[in-house]
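Q: Below is the file upload.txt, which contains compact mmCIF, C-alpha atoms.
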# COMPACT_ATOMS: atom_id res chain seq x y z
CA MET A 1 8.81 -33.12 -11.06
CA HIS A 2 5.68 -33.35 -13.17
CA THR A 3 5.32 -32.36 -16.81
CA ILE A 4 1.91 -31.05 -17.81
CA GLN A 5 0.26 -29.65 -20.90
CA ARG A 6 -1.98 -26.59 -20.93
CA HIS A 7 -5.64 -27.45 -21.05
CA PRO A 8 -8.88 -25.71 -20.07
CA SER A 9 -10.08 -26.19 -16.52
CA GLN A 10 -13.16 -28.21 -15.83
CA ARG A 11 -16.13 -25.85 -15.88
CA HIS A 12 -18.95 -28.20 -14.83
CA PRO A 13 -17.99 -30.24 -11.75
CA SER A 14 -20.40 -32.67 -10.17
CA PRO A 15 -22.54 -31.22 -7.38
CA GLY A 16 -20.71 -31.10 -4.06
CA THR A 17 -17.22 -31.50 -5.56
CA TYR A 18 -14.20 -29.22 -5.42
CA GLU A 19 -14.45 -26.46 -8.02
CA PRO A 20 -10.85 -25.57 -8.85
CA SER A 21 -11.66 -22.59 -11.07
CA ARG A 22 -13.32 -20.85 -8.12
CA CYS A 23 -10.61 -21.79 -5.64
CA ASP A 24 -7.30 -22.14 -7.41
CA PRO A 25 -5.91 -19.55 -9.86
CA PHE A 26 -3.09 -21.90 -10.91
CA HIS A 27 -5.55 -24.66 -11.81
CA ASP A 28 -7.68 -22.16 -13.67
CA ARG A 29 -4.66 -21.10 -15.74
CA PHE A 30 -2.66 -24.36 -16.11
CA GLY A 31 -5.01 -27.21 -15.22
CA ARG A 32 -3.05 -28.45 -12.19
CA PRO A 33 -3.77 -27.75 -8.53
CA LEU A 34 -1.62 -25.62 -6.27
CA PRO A 35 0.00 -27.47 -3.36
CA ARG A 36 -2.29 -27.99 -0.38
CA GLY A 37 -1.90 -25.08 2.02
CA LEU A 38 -1.04 -22.66 -0.77
CA ARG A 39 -4.31 -23.54 -2.50
CA GLU A 40 -6.27 -22.48 0.58
CA GLN A 41 -4.37 -19.18 0.81
CA ALA A 42 -4.90 -18.45 -2.89
CA THR A 43 -8.63 -19.16 -2.90
CA GLY A 44 -10.48 -16.55 -4.92
CA LEU A 45 -7.37 -14.67 -6.12
CA SER A 46 -7.02 -13.64 -9.74
CA TRP A 47 -3.79 -14.73 -11.45
CA GLN A 48 -2.38 -11.19 -11.14
CA ASP A 49 -3.27 -11.05 -7.43
CA PHE A 50 -1.64 -14.47 -6.96
CA LEU A 51 1.60 -13.22 -8.54
CA GLU A 52 1.60 -10.03 -6.46
CA GLU A 53 1.10 -12.03 -3.27
CA PHE A 54 3.32 -15.08 -3.81
CA ALA A 55 5.97 -13.79 -6.26
CA PRO A 56 6.48 -10.26 -4.97
CA ARG A 57 9.29 -7.99 -5.98
CA GLY A 58 10.67 -6.38 -2.87
CA ALA A 59 13.75 -5.16 -1.07
CA ILE A 60 15.80 -8.19 -2.22
CA ARG A 61 16.51 -8.22 -5.94
CA LEU A 62 18.70 -10.68 -7.79
CA GLY A 63 20.97 -9.00 -10.33
CA THR A 64 23.49 -11.50 -11.69
CA TRP A 65 23.73 -15.20 -10.89
CA THR A 66 26.32 -17.76 -11.95
CA SER A 67 26.82 -21.32 -10.83
CA SER A 68 29.83 -23.51 -11.59
CA PRO A 69 30.68 -27.07 -10.58
CA ASN A 70 33.12 -27.50 -7.73
CA HIS A 71 34.81 -30.50 -6.14
CA GLN A 72 32.86 -33.31 -4.44
CA ASP A 73 29.50 -32.62 -6.13
CA SER A 74 29.25 -29.05 -4.84
CA VAL A 75 28.74 -25.83 -6.78
CA THR A 76 30.14 -22.36 -6.32
CA CYS A 77 27.59 -19.64 -6.95
CA ARG A 78 28.21 -15.95 -7.35
CA ALA A 79 25.49 -13.34 -7.17
CA THR A 80 24.94 -9.63 -7.24
CA ILE A 81 21.99 -8.87 -5.01
CA GLY A 82 20.25 -5.59 -4.41
CA LEU A 83 19.09 -5.09 -0.83
CA ALA A 84 17.07 -1.91 -0.42
CA ASP A 85 19.45 0.75 -1.83
CA ARG A 86 22.65 -1.34 -1.65
CA ILE A 87 24.24 -3.66 -4.24
CA ILE A 88 26.18 -6.56 -2.75
CA SER A 89 28.38 -9.19 -4.42
CA LEU A 90 28.30 -12.60 -2.74
CA GLN A 91 29.76 -16.05 -3.24
CA ALA A 92 28.87 -19.37 -1.63
CA THR A 93 29.73 -23.02 -2.14
CA ALA A 94 27.07 -25.59 -1.34
CA ALA A 95 25.50 -28.86 -2.48
CA GLY A 96 23.42 -26.92 -5.03
CA PRO A 97 22.29 -23.47 -6.09
CA ILE A 98 19.40 -23.37 -3.64
CA GLY A 99 21.78 -24.14 -0.76
CA ALA A 100 24.20 -21.47 -1.95
CA LEU A 101 21.46 -18.84 -2.21
CA THR A 102 20.13 -19.82 1.22
CA SER A 103 23.62 -19.18 2.61
CA MET A 104 23.84 -15.81 0.83
CA LEU A 105 20.44 -14.73 2.16
CA TYR A 106 21.55 -15.65 5.67
CA ASP A 107 24.64 -13.49 5.21
CA LEU A 108 22.37 -10.60 4.14
CA GLY A 109 20.27 -10.93 7.30
CA ALA A 110 17.32 -12.48 5.48
CA PRO A 111 17.51 -16.15 6.53
CA VAL A 112 15.09 -18.60 4.93
CA GLN A 113 14.53 -22.26 5.68
CA ILE A 114 12.74 -24.31 3.02
CA VAL A 115 10.22 -26.70 4.53
CA GLY A 116 8.38 -27.68 1.34
CA LEU A 117 9.09 -27.71 -2.39
CA HIS A 118 6.75 -28.55 -5.27
CA GLN A 119 7.44 -28.21 -8.99
CA TYR A 120 5.62 -28.50 -12.30
CA VAL A 121 6.86 -28.11 -15.84
CA VAL A 122 4.42 -26.35 -18.16
CA ASP A 123 5.54 -26.12 -21.77
CA ASP A 124 9.21 -25.10 -21.40
CA THR A 125 8.88 -23.34 -18.03
CA VAL A 126 9.62 -24.82 -14.61
CA MET A 127 7.34 -23.55 -11.84
CA THR A 128 8.46 -23.86 -8.22
CA PHE A 129 6.36 -23.48 -5.09
CA LEU A 130 8.34 -23.16 -1.84
CA LEU A 131 7.05 -23.22 1.70
CA CYS A 132 9.56 -20.98 3.47
CA GLU A 133 10.08 -20.36 7.17
CA HIS A 134 11.97 -18.13 9.58
CA ASP A 135 11.33 -17.39 13.28
CA ASP A 136 8.14 -19.50 13.33
CA ARG A 137 6.71 -17.51 10.39
CA GLN A 138 5.85 -19.46 7.26
CA CYS A 139 4.96 -18.29 3.79
CA TRP A 140 4.51 -19.75 0.35
CA ALA A 141 6.48 -18.37 -2.57
CA TYR A 142 6.32 -18.93 -6.32
CA GLY A 143 9.04 -18.71 -8.95
CA THR A 144 9.60 -19.66 -12.57
CA GLY A 145 12.51 -20.27 -14.87
CA PRO A 146 13.79 -22.26 -17.83
CA THR A 147 15.44 -24.77 -15.45
CA ALA A 148 14.60 -26.15 -12.01
CA ASP A 149 17.57 -24.28 -10.50
CA ASP A 150 16.40 -20.98 -12.04
CA ALA A 151 12.84 -21.48 -10.80
CA ASN A 152 14.10 -22.43 -7.32
CA VAL A 153 16.27 -19.31 -7.10
CA ASP A 154 13.37 -17.11 -8.27
CA ALA A 155 11.01 -18.66 -5.70
CA LEU A 156 13.59 -18.38 -2.91
CA ILE A 157 14.05 -14.65 -3.58
CA ALA A 158 10.24 -14.25 -3.47
CA GLY A 159 10.12 -16.19 -0.19
CA ALA A 160 12.86 -14.04 1.34
CA ASN A 161 10.98 -10.90 0.32
CA ARG A 162 7.74 -12.21 1.81
CA LEU A 163 9.43 -13.15 5.10
CA LEU A 164 11.36 -9.88 5.24
CA SER A 165 8.25 -7.78 4.66
CA SER A 166 6.25 -9.77 7.23
CA ALA A 167 9.00 -9.10 9.78
CA GLY A 168 8.79 -5.40 8.95
CA ARG A 169 12.51 -4.93 8.55
CA VAL A 170 15.16 -4.36 5.92
CA ARG A 171 18.75 -4.46 7.10
Translate the structure of the given file into structure tokens.
A:
Amino acid sequence: MHTIQRHPSQRHPSPGTYEPSRCDPFHDRFGRPLPRGLREQATGLSWQDFLEEFAPRGAIRLGTWTSSPNHQDSVTCRATIGLADRIISLQATAAGPIGALTSMLYDLGAPVQIVGLHQYVVDDTVMTFLLCEHDDRQCWAYGTGPTADDANVDALIAGANRLLSSAGRVR
């Protein structure tokens, strides 16, 4: 994980060099580049458009979330999740919160596999970028939180919503 400070983006790059402020809304806002792959998909987006695309609110909504230590370095997580017009209470035990939420999403019929994870800390906020996959479909998702676990959970919900909407189904 990298810790960064806010600073203005470079406005006068050398001729023929990468111009982040024209290509990367995260760099323009926070001075650090998006992960490769996501950067190409976000080229030219405003910050608001970036959030709407990569941190969408959708059919899956996290209500409550608790995580407590369990035996042998595992955690037990409990969640209340809204799925379309239903509210569902779930529990899972896994090696960490992201594993527990992945299990819960599978149980809801919205499976997600994480194939890439990148994080930055800006001021007191953790920012997570996940490359998610299901059925040979991949998407990037973005989430934030006061801790790495919170940011991961937020990004995983966004990834599940993106995959679910690209599949055109809500169970």
Q: Which residue out of A:Ser103, A:Thr76, A:Thr128, A:Gln138 has the minimum interatomic distance to A:Val115 when only C-alpha atoms are used?
A: A:Gln138
Q: Nearest residue to A:Ser68 out of A:Ala100, A:Ile88, A:Ile81, A:Met127, using only C-alpha atoms?
A: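 So, comparing all the options, the nearest one is A:Ala100.
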Q: Leaving out A:Phe26 and any residue of its chain fewer than 4 positions from it, which residues lie within 9 Å of it when counting all atoms listed in the file, given as a ChimeraX atom specification?
A: /A:20-21,30-34,39,42,47,50
Q: In Å to one decimal, how far is atom CA of A:Phe129 from atom CA of A:Leu45?
A: 16.3 Å
Q: How far is it from atom CA of A:Ile60 to atom CA of A:Ala158, in Å with one decimal?
A: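 One can read the atom CA of A:Ile60 to atom CA of A:Ala158 distance as 8.3 Å.
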Q: Tell me, in Å to one decimal, how far atom CA of A:Asp135 is from atom CA of A:Val75.
A: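 A separation of 27.9 Å between them.
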Q: So, with all atoms listed in the file as the atoms that count, which of A:Asn152, A:Leu164, A:Gly159, A:Thr125 lies closest to A:Phe54?
A: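 When distances to A:Phe54 are compared using all atoms listed in the file, the smallest one comes from A:Gly159.
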